[in-house]
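Asker: Encoded as structure tokens, here's the structure I'll be asking about.
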Amino acid sequence: MSIRIQKSKCVGCGRCIEACPGNLIKKDKEGKAFIRQVRDCWGCTSCIKECSRDAIRFFLGADVGGRGASMVVSEKPDISTWTVEKPDGTQITIQVNKKDANKY
Amino acid sequence: MRTERIKTDVLIIGGGTAGCFAAYVIGQKSHKKVLIAEKANIKRSGCLAAGVNALNAYITEGRVPQDYVDYAKKDAHGIVREDLLLTMSERLNHVTKVMEDLGLVILKDEKGKYVARGNRNIKINGENMKPILAKAAAEQENVTVLNHVNITDYKTEKGKITGAVGFSVNEDIFYDIDAEAVLCATGGAAGLYRPNNPGFSRHKMWYPPFNTGAGYAMGLLSGAEMTTFEMRFIALRCKDTIAPTGTIAQGVGARQVNAHGDIYETKYGLTTSQRVYGTVMENREGKGPCYLRTEGISKEQEQDLYKAYLNMAPSQTLKWMEAGKGPSEENVEIEGTEPYIVGGHTASGYWVDNNRATTIEGLYAAGDVAGGCPQKYVTGALAEGEIAAEAILEYLDRKDDRAVTENKKELSEIAAAKKSEYEAHLNAPRSLMNAEQLEEAMQKIMDQYAGGIGTDYRYSETSLAKADEKIAALLPVVDTLAASDTYELMQIYELRERLILCRAVIAHLAARKETRWHSFGENTDYPEQSEEWMKYVNSRMENGEIRILYRDLITKKSVDSNTAAKGAGER
């Protein structure tokens with residue numbers, strides 16, 4: 001369970017660094033974000049929600065069922081759009097309206 | 001290290017659910033200066049980082065606060081503070097309304113009434129609950145937020161709190177904070193025991209891995225009375241992702257079944273601990289793995305589950321996607337977690353009075369760090385934040401001698417000593433040991449000798465003695481650890497907090513000579529529940545050792561005859 005930050009997409013805005021509840025992200029010498037230790041991520045997705053460049057992807061470690069897929073979320077005021085990308089390139093998208101309460 | 005000195009009326013340590021709400025309440029009701037010292041950033045810190053699925057503590061239509069007290073008492077097999085539960089329950093609906101007014105989405109029916117899930121829960125969209133709450137707190141004119149500051153110790157003088165000390169996680173700054181009153185809202189503790197996924201996904205756990213028991217350790221170190229650490233919390237979770245099971249169990253009515261498809265939950269009982277116990281026992285008898293029976297639910301229900309998990313535990317939705325099979329096609333495997341210490345679910349924490357005042361004057365506690373009041377969940381943490389905030393304002397009004405008198409140029413003795421302790425770690429030469437290694441050692445000891453997953457939560461007097469000896473031996477090693485920056489310094493102090501708490505947990509487990517809550521603790525020397533143990537196990541640290549105290553139960557009856565109302569500190 002962790003995140004991967006794509007350096008090529010990171011613009012160094014620092015919002016993920018500010019938001020991480022574990023203080024796990026910092027900037028490298030080029031001013032790009034990186035995670036100190038991938039094993040320390042809780043998987044809360046706070047950083048992914050902060051990133052406006054879709055530079056951070058969330059994945060499951062192989063020890064908890066990960067097989068190479070990753071997930072990203074794009075935030076609009078009322079809608080969160082979650083996209084899962086599988087290793088074969090297939091994508092699954094689920095939209096959640098923030099004004100809708102959970103049914104369960 | 002550069003020194004920053006701050007003076008405030010109220011210091012709130014920990015800007016999670018309880019801390020942020022307390023700051024908001026003080027902001028609404030007074031002009032007293034409030035400082036929130038938060039280890040990360042209040043926007044997403046604490047238990048609500050990913051969101052929360054439902055409000056699990058609410059007085060639904062036709063029910064009264066006493067019903068909630070009775071429920072929590074039954075679930076905890078009697079070891080609760082009924083006075084604390086009642087004062088919390090009386091505010092659950094009020095704090096819910098405040099959150100709704102701040103922008104929390106709550107499901108309503110066509111008549112505008114909240115839709116209940118079962119007897120005590122209401123349905124929400126809790127994904128953004130923490131950002132909403134954090135914003136409300138930060139917007140108060142008299143509230144200042146100090147993000148990325150790790151507090152390690154209280155300052156006390158003549159039994160009164162005078163502030164706290166800590167350091168910035170990002171820069172070489174030492175913080176010396178003077179306060180007239182302090183609210184401890186640091187949350188509970190994860191990471192004491194070897195977790196379900198000890199390898200790559202070691203932090204894929206139920207409770208925030210960043211909640212490391214700071215408040216408990218600070219309380220112990222300053223001699224506060226603590227309660228019920230032996231009532232550990234073990235959650236029944238979806239295997240691997242450690243995502244909640246209640247959403248599936250209550251949402252689509254899924255029952256707990258063993259590998260043969262037999263429903264076993266009815267055999268063992270339905271309290272929180274019995275649900276875990278049943279799963280452990282079925283596995284021990286070779287009838288595992290165990291599941292929540294979801295096969296056959298509709299595709300629509302499945303879609304709703306995907307969304308519900310995205311709003312609180314997105315890893316579970318991703319896992320279903322990875323497997324290419326959702327819950328309608330495959331039952332969801334379940335397991336018990338490693339033990340946590342968390343006063344919001346069980347009853348571990350500070351021994352407080354109805355104002356949430358601890359036994360140290362001027363120090364209050366709310367949320368997971370406050371004891372005696374289990375099943376508080378999110379709304380209970382808000383309620384305790386509000387109770388403590390109001391009590392602190394009253395306390396400040398009647399407090400005559402100001403602890404923070406004049407602006408002394410020199411650091412106090414306590415502060416100066418602490419600063420040099422931090423600097424010693426920052427200047428220490430690298431040794432063979434580091435915080436990560438010691439954490440692993442601690443988790444292994446706790447797992448094997450103090451009732452972790454590895455022993456199906458079993459321990460004995462002999463194994464606990466071994467655990468204590470080994471944990472005590474790790475503590476002096478912590479003093480020698482080197483930190484290359486203040487982030488590593490935080491890791492050293494998190495380790496120290498956990499080790500101190502481990503010693504208290506071990507002492508409490510040994511003190512309760514019965515098995516009151518299956519799985520939360522299996523005392524192999526005393527495998528039965530015993531009437532004799534209908535009392536609280538409390539403790540205080542004296543000269544570095546845990547001293548156990550026993551207290552009589554505070555029940556509805558004794559509350560009515562008024563023994564508890566005076567406050568814990570006065571008895």
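Ligands are numbered from 1 in the order shown, chains are lettered A, B, ... in the order of the structure tokens, and residues start at 1 in each chain.
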Using 10 Å as the limit and counting only C-alpha atoms, can you tabulate each residue of chain A that touches chain B, with its shortest atom-to-atom distance in Å and the two atoms involved, as JSON lines?
Answerer:
{"residue": "A:Met1", "atom": "CA", "partner": "B:Ser201", "partner_atom": "CA", "distance": 5.2}
{"residue": "A:Ser2", "atom": "CA", "partner": "B:Ser201", "partner_atom": "CA", "distance": 7.6}
{"residue": "A:Ile17", "atom": "CA", "partner": "B:Asn41", "partner_atom": "CA", "distance": 9.6}
{"residue": "A:Glu18", "atom": "CA", "partner": "B:Asn41", "partner_atom": "CA", "distance": 6.6}
{"residue": "A:Ala19", "atom": "CA", "partner": "B:Asn41", "partner_atom": "CA", "distance": 5.9}
{"residue": "A:Cys20", "atom": "CA", "partner": "B:Ala40", "partner_atom": "CA", "distance": 7.0}
{"residue": "A:Pro21", "atom": "CA", "partner": "B:Ser45", "partner_atom": "CA", "distance": 4.6}
{"residue": "A:Gly22", "atom": "CA", "partner": "B:Phe210", "partner_atom": "CA", "distance": 5.8}
{"residue": "A:Asn23", "atom": "CA", "partner": "B:Ala40", "partner_atom": "CA", "distance": 5.8}
{"residue": "A:Leu24", "atom": "CA", "partner": "B:Tyr487", "partner_atom": "CA", "distance": 9.1}
{"residue": "A:Lys26", "atom": "CA", "partner": "B:Asn170", "partner_atom": "CA", "distance": 9.3}
{"residue": "A:Val38", "atom": "CA", "partner": "B:Phe200", "partner_atom": "CA", "distance": 8.0}
{"residue": "A:Arg39", "atom": "CA", "partner": "B:Phe200", "partner_atom": "CA", "distance": 5.3}
{"residue": "A:Asp40", "atom": "CA", "partner": "B:His203", "partner_atom": "CA", "distance": 5.6}
{"residue": "A:Cys41", "atom": "CA", "partner": "B:His203", "partner_atom": "CA", "distance": 6.1}
{"residue": "A:Trp42", "atom": "CA", "partner": "B:His203", "partner_atom": "CA", "distance": 5.1}
{"residue": "A:Gly43", "atom": "CA", "partner": "B:Lys204", "partner_atom": "CA", "distance": 6.8}
{"residue": "A:Cys44", "atom": "CA", "partner": "B:Ala50", "partner_atom": "CA", "distance": 4.6}
{"residue": "A:Thr45", "atom": "CA", "partner": "B:Ala50", "partner_atom": "CA", "distance": 6.4}
{"residue": "A:Ser46", "atom": "CA", "partner": "B:Ala50", "partner_atom": "CA", "distance": 6.6}
{"residue": "A:Cys47", "atom": "CA", "partner": "B:Arg44", "partner_atom": "CA", "distance": 9.5}
{"residue": "A:Lys49", "atom": "CA", "partner": "B:Ala50", "partner_atom": "CA", "distance": 9.9}
{"residue": "A:Phe58", "atom": "CA", "partner": "B:Ser315", "partner_atom": "CA", "distance": 8.6}
{"residue": "A:Phe59", "atom": "CA", "partner": "B:Leu318", "partner_atom": "CA", "distance": 8.0}
{"residue": "A:Leu60", "atom": "CA", "partner": "B:Ser315", "partner_atom": "CA", "distance": 7.0}
{"residue": "A:Gly61", "atom": "CA", "partner": "B:Ser201", "partner_atom": "CA", "distance": 6.1}
{"residue": "A:Ala62", "atom": "CA", "partner": "B:Phe200", "partner_atom": "CA", "distance": 8.1}
{"residue": "A:Asp63", "atom": "CA", "partner": "B:Ser201", "partner_atom": "CA", "distance": 6.8}
{"residue": "A:Val64", "atom": "CA", "partner": "B:Asp240", "partner_atom": "CA", "distance": 4.6}
{"residue": "A:Gly65", "atom": "CA", "partner": "B:Lys319", "partner_atom": "CA", "distance": 6.4}
{"residue": "A:Gly66", "atom": "CA", "partner": "B:Glu322", "partner_atom": "CA", "distance": 6.7}
{"residue": "A:Arg67", "atom": "CA", "partner": "B:Glu322", "partner_atom": "CA", "distance": 6.6}
{"residue": "A:Gly68", "atom": "CA", "partner": "B:Glu322", "partner_atom": "CA", "distance": 8.0}
{"residue": "A:Ala69", "atom": "CA", "partner": "B:Glu322", "partner_atom": "CA", "distance": 6.4}
{"residue": "A:Ser70", "atom": "CA", "partner": "B:Leu318", "partner_atom": "CA", "distance": 7.8}
{"residue": "A:Met71", "atom": "CA", "partner": "B:Leu318", "partner_atom": "CA", "distance": 7.3}
{"residue": "A:Val73", "atom": "CA", "partner": "B:Leu310", "partner_atom": "CA", "distance": 9.8}
{"residue": "A:Ser80", "atom": "CA", "partner": "B:Leu310", "partner_atom": "CA", "distance": 9.4}
{"residue": "A:Trp82", "atom": "CA", "partner": "B:Leu310", "partner_atom": "CA", "distance": 8.2}
{"residue": "A:Thr83", "atom": "CA", "partner": "B:Leu318", "partner_atom": "CA", "distance": 9.7}
{"residue": "A:Val84", "atom": "CA", "partner": "B:Leu318", "partner_atom": "CA", "distance": 7.3}
{"residue": "A:Glu85", "atom": "CA", "partner": "B:Met321", "partner_atom": "CA", "distance": 9.3}
{"residue": "A:Lys86", "atom": "CA", "partner": "B:Glu322", "partner_atom": "CA", "distance": 7.5}
{"residue": "A:Pro87", "atom": "CA", "partner": "B:Glu322", "partner_atom": "CA", "distance": 9.7}
{"residue": "A:Gln91", "atom": "CA", "partner": "B:Met321", "partner_atom": "CA", "distance": 10.0}
{"residue": "A:Ile92", "atom": "CA", "partner": "B:Met321", "partner_atom": "CA", "distance": 8.1}
{"residue": "A:Ile94", "atom": "CA", "partner": "B:Lys307", "partner_atom": "CA", "distance": 7.5}
{"residue": "A:Gln95", "atom": "CA", "partner": "B:Lys307", "partner_atom": "CA", "distance": 7.9}
{"residue": "A:Val96", "atom": "CA", "partner": "B:Lys307", "partner_atom": "CA", "distance": 6.3}
{"residue": "A:Asn97", "atom": "CA", "partner": "B:Asn125", "partner_atom": "CA", "distance": 9.1}
{"residue": "A:Lys98", "atom": "CA", "partner": "B:Asn125", "partner_atom": "CA", "distance": 6.6}
{"residue": "A:Lys99", "atom": "CA", "partner": "B:Val105", "partner_atom": "CA", "distance": 6.1}
{"residue": "A:Asp100", "atom": "CA", "partner": "B:Asn125", "partner_atom": "CA", "distance": 6.4}
{"residue": "A:Ala101", "atom": "CA", "partner": "B:Asn125", "partner_atom": "CA", "distance": 4.2}
{"residue": "A:Asn102", "atom": "CA", "partner": "B:Ala308", "partner_atom": "CA", "distance": 5.5}
{"residue": "A:Lys103", "atom": "CA", "partner": "B:Asp304", "partner_atom": "CA", "distance": 6.7}
{"residue": "A:Tyr104", "atom": "CA", "partner": "B:Gly251", "partner_atom": "CA", "distance": 4.3}
Asker: Which polymer residues have any atom within 10 Å of an atom of Leu432 of chain B, counting only C-alpha atoms, with same-chain residues fewer than 2 positions away left out, as a list in words?
Answerer: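 Non-adjacent residues within range: Pro429, Arg430, Asn434, Gln437, Leu481 and Ala482 of chain B.
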Asker: Based on the selection just made, write C-alpha atoms of those residues as an mmCIF file, in the first residue's frame.
Answerer:
data_model
loop_
_atom_site.group_PDB
_atom_site.id
_atom_site.type_symbol
_atom_site.label_atom_id
_atom_site.label_comp_id
_atom_site.auth_asym_id
_atom_site.auth_seq_id
_atom_site.Cartn_x
_atom_site.Cartn_y
_atom_site.Cartn_z
ATOM 1 C CA PRO B 429 27.204 9.715 16.132
ATOM 2 C CA ARG B 430 25.424 7.053 14.054
ATOM 3 C CA ASN B 434 18.108 2.984 14.720
ATOM 4 C CA GLN B 437 15.096 -1.630 14.165
ATOM 5 C CA LEU B 481 19.908 6.977 18.914
ATOM 6 C CA ALA B 482 21.109 9.483 16.345
#
Asker: List the spatial neighbours of Met541 of chain B as a ChimeraX atom specification - criterion: any atom at most 9 Å away, only C-alpha atoms, same-chain residues fewer than 6 positions off excluded.
Answerer: /B:219-225,504,547-548
